[in-house]
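Here is the file upload03.txt (compact mmCIF, C-alpha atoms and all ligand atoms).
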# COMPACT_ATOMS: atom_id res chain seq x y z
CA MET R 441 61.82 144.69 11.87
CA ALA R 442 60.31 141.44 13.06
CA ILE R 443 61.86 139.83 16.06
CA ASP R 444 63.10 136.35 15.43
CA THR R 445 62.48 134.22 18.49
CA ASN R 446 63.87 130.99 17.14
CA GLY R 447 67.39 132.11 17.78
CA SER R 448 68.54 131.83 14.20
CA SER R 449 69.57 134.97 12.42
CA PRO R 450 71.38 135.39 9.11
CA SER R 451 74.63 136.11 10.92
CA GLY R 452 74.56 132.78 12.76
CA TYR R 453 74.40 134.42 16.18
CA GLY R 454 71.54 133.63 18.53
CA PRO R 455 70.50 133.63 22.17
CA ASP R 456 72.57 130.53 22.86
CA HIS R 457 75.66 131.68 21.01
CA PRO R 458 75.80 135.49 21.14
CA ALA R 459 78.42 137.56 19.39
CA PRO R 460 81.42 138.59 21.48
CA VAL R 461 81.09 141.96 23.18
CA ILE R 462 83.91 144.48 23.01
CA GLU R 463 85.54 144.83 26.40
CA PRO R 464 87.23 148.13 27.21
CA PRO R 465 90.95 147.94 27.98
CA ARG R 466 92.02 147.01 31.52
CA ALA R 467 88.70 146.85 33.35
CA ARG R 468 88.70 147.03 37.13
CA THR R 469 87.93 143.72 38.80
CA ARG R 470 88.08 142.42 42.31
CA ARG R 471 91.58 141.14 41.55
CA THR R 472 92.92 144.48 40.37
CA PRO R 473 96.15 145.16 42.28
CA ARG R 474 95.61 146.81 45.62
CA THR R 475 97.49 149.74 47.06
CA THR R 476 101.30 149.69 47.11
CA ARG R 477 101.48 152.32 49.88
CA THR R 478 104.13 154.48 48.27
CA ASN R 479 104.02 158.19 47.57
CA PHE R 480 105.67 157.93 44.17
CA GLU R 481 102.67 159.18 42.22
CA MET R 482 102.23 162.13 44.54
CA TYR R 483 105.88 163.16 44.37
CA GLY R 484 105.78 162.73 40.61
CA TRP R 485 102.77 165.00 40.37
CA LEU R 486 104.35 167.62 42.61
CA PHE R 487 107.65 167.40 40.75
CA MET R 488 105.89 168.15 37.46
CA ARG R 489 104.44 171.37 38.89
CA VAL R 490 107.58 172.61 40.63
CA SER R 491 110.00 171.69 37.84
CA GLY R 492 107.63 173.23 35.31
CA ILE R 493 107.79 176.60 37.05
CA LEU R 494 111.58 176.44 37.40
CA LEU R 495 112.00 175.39 33.78
CA VAL R 496 110.08 178.40 32.53
CA VAL R 497 112.73 180.65 34.09
CA LEU R 498 115.69 178.45 33.20
CA VAL R 499 114.72 177.77 29.61
CA ILE R 500 113.58 181.26 28.68
CA THR R 501 116.81 182.75 30.04
CA HIS R 502 118.78 180.08 28.22
CA LEU R 503 117.00 180.77 24.95
CA MET R 504 117.47 184.51 25.31
CA ILE R 505 121.21 184.16 25.86
CA GLN R 506 121.70 181.60 23.12
CA LEU R 507 119.40 182.84 20.41
CA VAL R 508 118.36 186.43 20.90
CA LEU R 509 120.77 188.64 22.81
CA ASP R 510 124.12 189.77 21.55
CA GLY R 511 124.11 188.79 17.90
CA GLY R 512 121.58 185.98 18.01
CA VAL R 513 122.17 182.38 17.06
CA SER R 514 125.06 183.08 14.69
CA LYS R 515 127.38 183.83 17.61
CA VAL R 516 127.05 180.32 19.06
CA SER R 517 130.26 178.44 18.45
CA PHE R 518 132.64 176.15 20.28
CA ALA R 519 134.40 179.16 21.74
CA PHE R 520 131.13 180.67 22.94
CA VAL R 521 130.15 177.47 24.75
CA ALA R 522 133.62 177.10 26.19
CA GLY R 523 133.48 180.64 27.46
CA ARG R 524 130.20 180.13 29.21
CA TRP R 525 131.17 176.83 30.76
CA ALA R 526 134.32 178.41 32.19
CA SER R 527 132.02 179.80 34.86
CA PRO R 528 130.69 177.31 37.44
CA PHE R 529 127.47 179.33 37.54
CA TRP R 530 126.54 178.50 33.97
CA GLN R 531 127.74 174.94 34.42
CA ALA R 532 125.36 174.55 37.32
CA TRP R 533 122.60 176.32 35.35
CA ASP R 534 122.93 173.94 32.44
CA LEU R 535 123.22 170.93 34.70
CA ILE R 536 120.03 171.78 36.59
CA MET R 537 118.25 172.56 33.36
CA LEU R 538 119.33 169.25 31.86
CA TRP R 539 118.17 167.21 34.81
CA LEU R 540 114.90 169.03 35.33
CA ALA R 541 114.01 169.05 31.63
CA MET R 542 114.82 165.38 31.14
CA LEU R 543 112.97 164.23 34.25
CA HIS R 544 110.05 166.53 33.51
CA GLY R 545 109.81 165.31 29.94
CA GLY R 546 110.37 161.69 30.95
CA LEU R 547 107.66 161.81 33.60
CA GLY R 548 105.31 163.49 31.16
CA LEU R 549 105.88 160.81 28.54
CA ARG R 550 105.38 158.16 31.19
CA THR R 551 102.00 159.74 31.93
CA ILE R 552 101.13 159.73 28.25
CA ILE R 553 102.14 156.07 27.92
CA ASN R 554 100.08 155.18 30.98
CA ASP R 555 97.11 157.02 29.52
CA TYR R 556 97.26 155.75 25.98
CA ALA R 557 98.93 152.32 25.87
CA GLN R 558 96.15 149.78 26.13
CA ARG R 559 97.94 146.47 26.49
CA ASP R 560 100.17 145.72 29.46
CA GLY R 561 102.98 144.52 27.20
CA THR R 562 102.99 147.69 25.08
CA ARG R 563 102.94 149.75 28.24
CA PHE R 564 105.89 147.93 29.76
CA TRP R 565 108.15 148.04 26.72
CA LEU R 566 107.39 151.65 25.84
CA LYS R 567 108.26 152.64 29.39
CA MET R 568 111.47 150.61 29.37
CA LEU R 569 112.48 152.34 26.13
CA LEU R 570 111.66 155.71 27.67
CA TYR R 571 113.61 155.05 30.86
CA THR R 572 116.65 153.84 28.93
CA ALA R 573 116.62 156.89 26.68
CA THR R 574 116.19 159.25 29.63
CA VAL R 575 118.97 157.73 31.70
CA PHE R 576 121.29 157.67 28.70
CA THR R 577 120.69 161.32 27.83
CA VAL R 578 120.98 162.53 31.41
CA LEU R 579 124.21 160.63 32.03
CA LEU R 580 125.76 161.67 28.73
CA GLY R 581 124.86 165.33 29.27
CA THR R 582 126.18 165.30 32.83
CA LEU R 583 129.37 163.68 31.70
CA VAL R 584 129.92 166.34 29.04
CA ILE R 585 129.27 169.22 31.43
CA PHE R 586 131.77 167.90 33.97
CA THR R 587 134.49 166.67 31.64
CA PHE R 588 134.29 169.42 29.04
CA ASP R 589 137.75 170.30 27.85
CA PRO R 590 138.01 173.74 26.20
CA ASN R 591 141.46 172.92 24.83
CA ILE R 592 140.41 169.80 22.96
CA SER R 593 142.16 169.57 19.59
CA MET T 772 33.65 152.24 18.68
CA ALA T 773 32.76 152.67 22.33
CA THR T 774 34.70 155.82 22.99
CA PRO T 775 34.79 157.81 19.78
CA THR T 776 35.56 161.08 21.52
CA LEU T 777 38.69 159.72 23.10
CA GLU T 778 39.80 158.52 19.71
CA LYS T 779 39.32 161.94 18.22
CA GLN T 780 40.77 163.96 21.11
CA PRO T 781 44.49 163.38 20.51
CA ALA T 782 44.08 163.75 16.78
CA ALA T 783 42.44 167.11 17.31
CA ASP T 784 45.37 168.86 18.94
CA THR T 785 48.62 167.63 17.57
CA GLY T 786 49.61 171.10 16.49
CA HIS T 787 52.24 171.35 19.16
CA LEU T 788 53.95 168.13 18.10
CA VAL T 789 57.18 168.29 16.16
CA THR T 790 59.00 165.80 13.98
CA VAL T 791 62.33 164.76 15.40
CA THR T 792 64.82 162.15 14.25
CA PHE T 793 66.34 159.90 16.87
CA ARG T 794 69.59 158.33 15.68
CA ILE T 795 70.40 155.43 17.96
CA ARG T 796 73.41 153.18 18.04
CA ARG T 797 72.08 149.63 18.16
CA PHE T 798 73.90 146.51 19.15
CA ASP T 799 72.44 143.08 19.75
CA PRO T 800 74.95 140.27 20.20
CA GLU T 801 72.20 137.74 19.61
CA ARG T 802 71.69 139.01 16.08
CA SER T 803 74.99 140.37 14.88
CA ALA T 804 78.48 141.18 16.04
CA ASP T 805 78.31 144.64 14.51
CA ALA T 806 76.78 147.74 15.96
CA TYR T 807 74.87 150.00 13.59
CA TRP T 808 73.05 153.32 13.57
CA GLN T 809 69.29 153.35 13.19
CA ASP T 810 67.09 156.39 12.60
CA PHE T 811 63.59 156.76 14.01
CA GLU T 812 61.30 159.59 13.03
CA LEU T 813 58.99 160.62 15.86
CA ARG T 814 56.06 162.97 16.27
CA ILE T 815 56.60 164.26 19.75
CA ASP T 816 55.95 167.21 22.04
CA PRO T 817 59.17 169.28 22.15
CA LYS T 818 58.69 169.76 25.87
CA GLU T 819 59.02 166.03 26.40
CA ARG T 820 62.29 164.47 27.43
CA VAL T 821 64.61 162.25 25.44
CA LEU T 822 63.50 159.36 27.63
CA ASP T 823 59.92 159.86 26.42
CA GLY T 824 61.17 159.61 22.87
CA LEU T 825 62.90 156.34 23.71
CA HIS T 826 59.68 155.10 25.30
CA GLN T 827 57.75 156.01 22.20
CA ILE T 828 60.20 154.08 20.04
CA LYS T 829 60.11 151.06 22.31
CA TRP T 830 56.35 151.06 22.77
CA GLU T 831 55.24 152.02 19.27
CA HIS T 832 58.02 151.37 16.78
CA ASP T 833 60.57 148.78 17.81
CA GLY T 834 60.10 146.76 20.99
CA SER T 835 63.60 145.38 20.78
CA LEU T 836 65.22 148.72 21.67
CA THR T 837 66.85 148.20 25.06
CA PHE T 838 67.78 150.76 27.68
CA ARG T 839 67.74 151.14 31.45
CA ARG T 840 65.45 153.44 33.32
CA SER T 841 63.76 153.20 36.66
CA CYS T 842 62.51 156.42 38.20
CA ALA T 843 62.29 158.58 35.07
CA HIS T 844 62.82 161.63 37.28
CA GLY T 845 66.56 162.04 37.66
CA ILE T 846 66.81 160.22 40.98
CA CYS T 847 67.97 156.67 40.32
CA GLY T 848 70.78 157.23 37.84
CA SER T 849 69.81 154.31 35.59
CA ASP T 850 69.55 156.06 32.27
CA ALA T 851 72.85 157.83 31.75
CA MET T 852 73.80 157.69 28.08
CA ARG T 853 75.67 159.66 25.46
CA ILE T 854 73.27 162.16 23.94
CA ASN T 855 74.71 164.27 21.14
CA GLY T 856 78.16 163.32 22.31
CA LYS T 857 77.69 164.26 25.95
CA ASN T 858 76.84 162.04 28.86
CA ARG T 859 73.40 162.96 30.11
CA LEU T 860 70.44 161.39 31.87
CA ALA T 861 67.82 160.77 29.19
CA CYS T 862 65.14 161.73 31.70
CA LYS T 863 66.62 165.19 32.26
CA VAL T 864 67.18 166.38 28.68
CA LEU T 865 64.32 168.12 26.91
CA ILE T 866 63.87 167.53 23.20
CA LYS T 867 63.51 171.25 22.47
CA ASP T 868 66.92 171.90 24.00
CA ILE T 869 68.87 169.58 21.74
CA ALA T 870 66.92 169.01 18.50
CA ASP T 871 67.05 172.64 17.29
CA VAL T 872 63.37 172.67 16.38
CA LYS T 873 62.37 175.06 13.57
CA ASP T 874 58.84 175.21 12.11
CA GLY T 875 57.82 171.98 13.74
CA VAL T 876 60.81 170.01 12.50
CA GLY T 877 63.94 169.13 14.41
CA THR T 878 66.83 170.30 12.25
CA LYS T 879 69.38 168.15 14.03
CA PRO T 880 68.98 164.47 14.81
CA VAL T 881 69.16 163.44 18.45
CA VAL T 882 72.17 161.11 18.49
CA ILE T 883 72.03 158.55 21.26
CA GLU T 884 74.60 155.90 22.09
CA ALA T 885 75.76 153.90 25.07
CA MET T 886 78.31 155.39 27.46
CA LYS T 887 81.93 155.12 26.37
CA GLY T 888 84.61 153.09 28.07
CA MET T 889 82.26 150.35 29.24
CA THR T 890 81.26 147.04 27.70
CA VAL T 891 78.07 147.43 25.70
CA LEU T 892 75.78 144.49 26.48
CA LYS T 893 72.86 145.49 24.29
CA ASP T 894 71.85 148.76 22.62
CA LEU T 895 72.19 151.38 25.37
CA ILE T 896 72.90 148.99 28.24
CA VAL T 897 76.47 148.81 29.50
CA ASP T 898 78.14 146.53 32.00
CA MET T 899 78.36 148.53 35.23
CA ASP T 900 80.32 145.93 37.23
CA PRO T 901 83.79 147.53 36.86
CA PHE T 902 82.25 150.87 37.78
CA PHE T 903 80.73 149.52 40.98
CA GLN T 904 83.92 147.61 41.74
CA ALA T 905 85.80 150.91 41.84
CA TYR T 906 83.06 152.28 44.08
CA ARG T 907 83.33 149.29 46.44
CA ASP T 908 87.11 149.63 46.57
CA MET T 909 86.53 153.04 48.12
CA MET T 910 84.75 151.48 51.13
CA PRO T 911 81.67 153.69 50.85
CA PHE T 912 80.42 153.19 54.40
CA LEU T 913 81.01 154.79 57.77
CA ILE T 914 84.16 153.53 59.47
CA THR T 915 84.53 154.24 63.18
CA SER T 916 86.40 152.90 66.18
CA GLY T 917 85.54 152.56 69.83
CA ASN T 918 82.17 151.92 71.41
CA GLU T 919 79.06 152.71 69.52
CA PRO T 920 77.30 155.76 70.97
CA THR T 921 73.86 155.21 72.46
CA ARG T 922 72.44 158.02 70.38
CA GLU T 923 73.05 159.44 66.93
CA ARG T 924 76.49 160.78 66.02
CA ARG T 925 76.20 164.55 66.17
CA GLN T 926 77.72 166.87 63.63
CA SER T 927 77.70 170.65 63.33
CA PRO T 928 76.03 172.20 60.28
CA ARG T 929 79.44 173.49 59.24
CA ASP T 930 80.96 170.02 59.33
CA ARG T 931 78.04 168.72 57.32
CA GLU T 932 78.43 171.52 54.81
CA ARG T 933 82.03 170.45 54.16
CA PHE T 934 81.03 167.40 52.09
CA ASP T 935 77.48 168.36 51.18
CA ASP T 936 78.17 168.54 47.45
CA THR T 937 79.42 164.98 47.15
CA THR T 938 76.49 163.46 49.05
CA LYS T 939 74.31 164.20 46.03
CA CYS T 940 75.84 161.49 43.82
CA ILE T 941 73.39 159.00 42.33
CA LEU T 942 76.05 156.69 40.84
CA CYS T 943 74.90 157.13 37.29
CA ALA T 944 78.47 156.75 35.90
CA ALA T 945 78.06 159.75 33.59
CA CYS T 946 81.23 161.31 34.99
CA THR T 947 83.44 158.23 34.97
CA SER T 948 82.49 157.28 31.44
CA SER T 949 83.13 160.80 30.18
CA CYS T 950 86.72 160.72 31.41
CA PRO T 951 89.32 160.22 28.65
CA VAL T 952 91.75 158.68 31.12
CA PHE T 953 89.13 156.08 32.02
CA TRP T 954 88.37 155.33 28.35
CA ASN T 955 91.86 153.99 27.84
CA ASP T 956 92.53 152.56 31.25
CA GLY T 957 89.58 151.16 33.16
CA GLN T 958 91.76 150.56 36.18
CA TYR T 959 91.68 154.27 36.99
CA PHE T 960 89.18 154.60 39.83
CA GLY T 961 87.34 157.32 37.98
CA PRO T 962 85.59 160.45 39.18
CA ALA T 963 82.54 158.76 40.69
CA ALA T 964 84.58 156.59 43.05
CA ILE T 965 86.63 159.61 44.12
CA VAL T 966 83.49 161.66 44.69
CA ASN T 967 82.15 158.96 46.96
CA ALA T 968 85.46 158.66 48.79
CA HIS T 969 85.42 162.44 49.23
CA ARG T 970 82.00 162.15 50.85
CA PHE T 971 83.53 160.07 53.68
CA ILE T 972 87.05 161.51 53.82
CA PHE T 973 85.65 164.94 54.71
CA ASP T 974 82.95 163.63 57.05
CA SER T 975 83.91 164.57 60.63
CA ARG T 976 82.25 161.41 61.98
CA ASP T 977 84.24 159.04 59.84
CA GLU T 978 87.61 157.62 60.87
CA GLY T 979 88.54 155.68 57.74
CA GLY T 980 89.75 158.71 55.82
CA GLU T 981 93.37 157.70 56.11
CA GLN T 982 92.73 154.31 54.48
CA ARG T 983 90.78 155.87 51.64
CA LEU T 984 93.44 158.48 51.05
CA GLU T 985 96.01 155.71 50.94
CA ILE T 986 94.06 153.94 48.19
CA LEU T 987 93.62 157.14 46.20
CA ASN T 988 97.32 157.97 46.57
CA ASP T 989 98.20 155.01 44.40
CA ARG T 990 98.82 154.52 40.70
CA ASP T 991 95.15 154.40 39.77
CA GLY T 992 94.07 157.11 42.17
CA VAL T 993 93.66 160.88 42.04
CA TRP T 994 97.06 161.59 40.49
CA ARG T 995 95.81 160.25 37.18
CA CYS T 996 93.29 163.08 36.98
CA ARG T 997 94.25 165.57 34.26
CA THR T 998 91.67 168.21 35.25
CA ILE T 999 89.87 167.82 31.96
CA PHE T 1000 86.54 168.85 33.57
CA ASN T 1001 84.48 166.42 31.45
CA CYS T 1002 83.14 164.91 34.67
CA THR T 1003 81.93 168.22 36.07
CA ASP T 1004 80.23 168.94 32.77
CA ALA T 1005 78.59 165.51 32.67
CA CYS T 1006 77.27 165.30 36.23
CA PRO T 1007 73.47 165.51 36.14
CA ARG T 1008 73.45 166.45 39.83
CA GLY T 1009 75.66 169.47 39.29
CA ILE T 1010 78.35 168.14 41.59
CA GLN T 1011 81.67 169.97 41.27
CA VAL T 1012 83.40 166.67 40.53
CA THR T 1013 86.79 168.06 39.49
CA LYS T 1014 86.84 170.28 42.57
CA ALA T 1015 86.20 167.26 44.79
CA ILE T 1016 89.12 165.44 43.15
CA GLN T 1017 91.38 168.45 43.68
CA GLU T 1018 90.37 168.59 47.33
CA VAL T 1019 91.43 164.99 47.76
CA LYS T 1020 94.76 165.79 46.09
CA GLN T 1021 95.16 168.72 48.44
CA ALA T 1022 94.38 166.56 51.45
CA LEU T 1023 97.02 164.06 50.32
CA ILE T 1024 99.65 166.77 49.94
CA THR T 1025 98.94 168.49 53.25
CA ARG T 1026 98.97 165.10 54.94
CA ARG T 1027 102.62 164.76 53.94
CA PHE T 1028 103.93 168.28 54.33
S1 LIG P 1 79.28 162.34 40.50
FE1 LIG P 1 77.52 162.97 39.22
S2 LIG P 1 77.97 162.08 37.18
FE2 LIG P 1 79.29 161.02 38.66
S3 LIG P 1 78.14 159.17 39.23
FE3 LIG P 1 77.67 160.76 40.76
S4 LIG P 1 75.80 161.76 40.00
FE4 LIG P 1 76.65 160.59 38.28
S1 LIG P 2 65.44 157.05 35.02
FE1 LIG P 2 66.10 157.40 37.06
S2 LIG P 2 67.60 158.92 36.71
FE2 LIG P 2 66.71 158.81 34.74
Structure re-expressed in structure tokens:
Amino acid sequence: MAIDTNGSSPSGYGPDHPAPVIEPPRARTRRTPRTTRTNFEMYGWLFMRVSGILLVVLVITHLMIQLVLDGGVSKVSFAFVAGRWASPFWQAWDLIMLWLAMLHGGLGLRTIINDYAQRDGTRFWLKMLLYTATVFTVLLGTLVIFTFDPNIS
Amino acid sequence: MATPTLEKQPAADTGHLVTVTFRIRRFDPERSADAYWQDFELRIDPKERVLDGLHQIKWEHDGSLTFRRSCAHGICGSDAMRINGKNRLACKVLIKDIADVKDGVGTKPVVIEAMKGMTVLKDLIVDMDPFFQAYRDMMPFLITSGNEPTRERRQSPRDRERFDDTTKCILCAACTSSCPVFWNDGQYFGPAAIVNAHRFIFDSRDEGGEQRLEILNDRDGVWRCRTIFNCTDACPRGIQVTKAIQEVKQALITRRF
């Protein structure tokens, strides 16, 4: 391959008008935002570990009771749920499980969005969607656990 | 010819040479906007390094091939590149270890491309500015307070041992550009910057550890590490990069609790 020093190549690019290079997403520059001095990321990281361990116990017990023990999934009915939620212990169990699972999952998805969304706009809107969905589900679930009426017609 | 013997000498013992294909990802913005793969067939001693193969291409086949190298002995960190999909220093990889040579022929091509996650300027040369910016953000210098001592700052061998591993970094960027988190978000400080922060955070003579921890506690700091271990695998100096990152995480947690 001969090297063309006149600066004209078939593609029309040359030393004076080079082709655009492909920049990686979100490069670090001198103007990249500096520290915000909060511990949010650290608490988030710790929460993921602690809630993960708790959820293993909570969810496996939950699945055993609901799906395996005592007749399996076919026994689950309105009456079965009503019976369990008559006890404050299982109410608290389900409440804690709901909150931990939703926050754990929400934080995890936030991490995934941060890792994979390339443009700032995509990042922002995906996270807003995620936060809305998380808050909605958590509030709805909490509301149901506290206002559940076993005598509903 | 004045020196016929010299002419004949190399021709006489080429029995140890093997034929290896170098497949290189080329990009020259002054010629085309597209990158392309180019194959070079070389006769080369299998005990030579990949860098020697690149030299042979540049000196004997195609002078336009562009790459960085300075020391050629694994000291300067100029020639980190992706060799067969892994970030390596071209001057530390032997041809016989990666070309799968059988009966004098390399059965696998040696695939060489520029490091990922960085702007390719030409062929194997990438823009290192964002990488060094992250390094600078870490304040990689001794920070102290009070009067300067009249003699050297003493340190026990045990205190020195604490951060010995991370002093070995040569800033080649092999670790940072092997990190999948960095590929998608260049604002993550990356393993190399954290390694160099670690070197000062755990230095008993340094007093700026708190500031560095504060920086690494943030959104783009150590909490983005997913313990993928690509960095540890890539480091040509054998630094336990992931371990260093975990130690910084640990320091941040124990600082709070
Ligand atoms: S830690 Fe290792 S791979 Fe990373 S820049 Fe330093 S020497 Fe290179
Ligand atoms: S050329 Fe200096 S490290 Fe390879």
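Omitting Gly856 in chain T and its sequence neighbours fewer than 5 positions away, and counting only C-alpha atoms, the residues within 9 Å are Val882, Ile883 and Glu884 of chain T.
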In file coordinates, which residues lie within 9 Å of (89.9, 172.6, 35.6) using all atoms listed in the file, given as a PDB file with C-alpha atoms, in the coordinates of the input?
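Below is the file result09.pdb, written as the result:
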ATOM      1  CA  ARG T 997      94.250 165.570  34.260  1.00  0.00           C
ATOM      2  CA  THR T 998      91.670 168.210  35.250  1.00  0.00           C
ATOM      3  CA  ILE T 999      89.870 167.820  31.960  1.00  0.00           C
ATOM      4  CA  PHE T1000      86.540 168.850  33.570  1.00  0.00           C
ATOM      5  CA  THR T1013      86.790 168.060  39.490  1.00  0.00           C
ATOM      6  CA  LYS T1014      86.840 170.280  42.570  1.00  0.00           C
TER       7      LYS T1014
END
Quiz prompt | Selection within 6 Å of ligand LIG 1 (chain P) by all atoms listed in the file, output as a PyMOL selection string | solution = chain T and resi 940-946+963+966+1005-1008+1010+1012
Self-check item: Near-ligand residues for ligand LIG 2 (chain P), threshold 8 Å, only C-alpha atoms and all ligand atoms, as a ChimeraX atom specification
Solution: /T:822,839-851,860-863,943
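The residue that comes closest to chain T, out of R:Asp560, R:Asp534, R:Asp510, R:Asp589 and on the basis of only C-alpha atoms, is R:Asp560.
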Which residues of chain T sit at most 6 Å from chain R, using only C-alpha atoms? Give each one's shortest atom pair and distance in Å (one decimal place), in chain and ascending residue order, as CSV.
residue,atom,partner,partner_atom,distance
T:Pro800,CA,R:Ala459,CA,4.5
T:Glu801,CA,R:Gly454,CA,4.3
T:Arg802,CA,R:Tyr453,CA,5.3
T:Ser803,CA,R:Ser451,CA,5.8
T:Ala804,CA,R:Ala459,CA,4.9
T:Gly888,CA,R:Pro464,CA,5.7
T:Met889,CA,R:Pro464,CA,5.8
T:Thr890,CA,R:Glu463,CA,5.0
T:Pro901,CA,R:Arg468,CA,4.9
T:Val952,CA,R:Asp555,CA,5.8
T:Asn955,CA,R:Tyr556,CA,6.0
T:Asp956,CA,R:Arg466,CA,5.6
T:Gly957,CA,R:Ala467,CA,4.4
T:Gln958,CA,R:Arg468,CA,4.8
T:Ile986,CA,R:Thr475,CA,5.5
T:Asp989,CA,R:Thr475,CA,5.9
Practice problem: Using only C-alpha atoms, determine which residues lie at most 8 Å from Tyr807 in chain T, disregarding the query and same-chain residues fewer than 6 positions distant; provide the list as a list in words. | Solution: Arg796, Arg797 and Phe798 of chain T
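Of note, CA of Phe934 in chain T and CA of Met886 in chain T are spaced 27.5 Å apart.
Between CA of Leu570 in chain R and CA of Gly546 in chain R the interatomic distance comes to 6.9 Å.
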Quiz item: Which residues, written as a PyMOL selection string, have at least one atom at most 12 Å from range 495-502 of chain R, with all atoms listed in the file counted and residues fewer than 2 positions away on the same chain left out?
Solution: chain R and resi 487-493+504-509+513+524+530+532-545
Writer output for current selection, C-alpha atoms, as a PDB file, keeping the file's coordinate frame:
ATOM      1  CA  PHE R 487     107.650 167.400  40.750  1.00  0.00           C
ATOM      2  CA  MET R 488     105.890 168.150  37.460  1.00  0.00           C
ATOM      3  CA  ARG R 489     104.440 171.370  38.890  1.00  0.00           C
ATOM      4  CA  VAL R 490     107.580 172.610  40.630  1.00  0.00           C
ATOM      5  CA  SER R 491     110.000 171.690  37.840  1.00  0.00           C
ATOM      6  CA  GLY R 492     107.630 173.230  35.310  1.00  0.00           C
ATOM      7  CA  ILE R 493     107.790 176.600  37.050  1.00  0.00           C
ATOM      8  CA  MET R 504     117.470 184.510  25.310  1.00  0.00           C
ATOM      9  CA  ILE R 505     121.210 184.160  25.860  1.00  0.00           C
ATOM     10  CA  GLN R 506     121.700 181.600  23.120  1.00  0.00           C
ATOM     11  CA  LEU R 507     119.400 182.840  20.410  1.00  0.00           C
ATOM     12  CA  VAL R 508     118.360 186.430  20.900  1.00  0.00           C
ATOM     13  CA  LEU R 509     120.770 188.640  22.810  1.00  0.00           C
ATOM     14  CA  VAL R 513     122.170 182.380  17.060  1.00  0.00           C
ATOM     15  CA  ARG R 524     130.200 180.130  29.210  1.00  0.00           C
ATOM     16  CA  TRP R 530     126.540 178.500  33.970  1.00  0.00           C
ATOM     17  CA  ALA R 532     125.360 174.550  37.320  1.00  0.00           C
ATOM     18  CA  TRP R 533     122.600 176.320  35.350  1.00  0.00           C
ATOM     19  CA  ASP R 534     122.930 173.940  32.440  1.00  0.00           C
ATOM     20  CA  LEU R 535     123.220 170.930  34.700  1.00  0.00           C
ATOM     21  CA  ILE R 536     120.030 171.780  36.590  1.00  0.00           C
ATOM     22  CA  MET R 537     118.250 172.560  33.360  1.00  0.00           C
ATOM     23  CA  LEU R 538     119.330 169.250  31.860  1.00  0.00           C
ATOM     24  CA  TRP R 539     118.170 167.210  34.810  1.00  0.00           C
ATOM     25  CA  LEU R 540     114.900 169.030  35.330  1.00  0.00           C
ATOM     26  CA  ALA R 541     114.010 169.050  31.630  1.00  0.00           C
ATOM     27  CA  MET R 542     114.820 165.380  31.140  1.00  0.00           C
ATOM     28  CA  LEU R 543     112.970 164.230  34.250  1.00  0.00           C
ATOM     29  CA  HIS R 544     110.050 166.530  33.510  1.00  0.00           C
ATOM     30  CA  GLY R 545     109.810 165.310  29.940  1.00  0.00           C
TER      31      GLY R 545
END
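What separates CA of Asp908 in chain T from CA of Arg970 in chain T is a distance of 14.2 Å.
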Would you compute an axis-aligned box for range 835-841 of chain T, covering every atom listed for it in the file with 6 Å of margin on each side, and report centre and edge lengths in Å to one decimal as JSON?
{"center_x": 65.7, "center_y": 149.4, "center_z": 28.7, "size_x": 16.2, "size_y": 20.1, "size_z": 27.9}
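Among the candidates T:Lys867, T:Leu984, T:Phe971, T:Thr785, the residue lying nearest to Glu819 in chain T is T:Lys867 (atoms considered: only C-alpha atoms).
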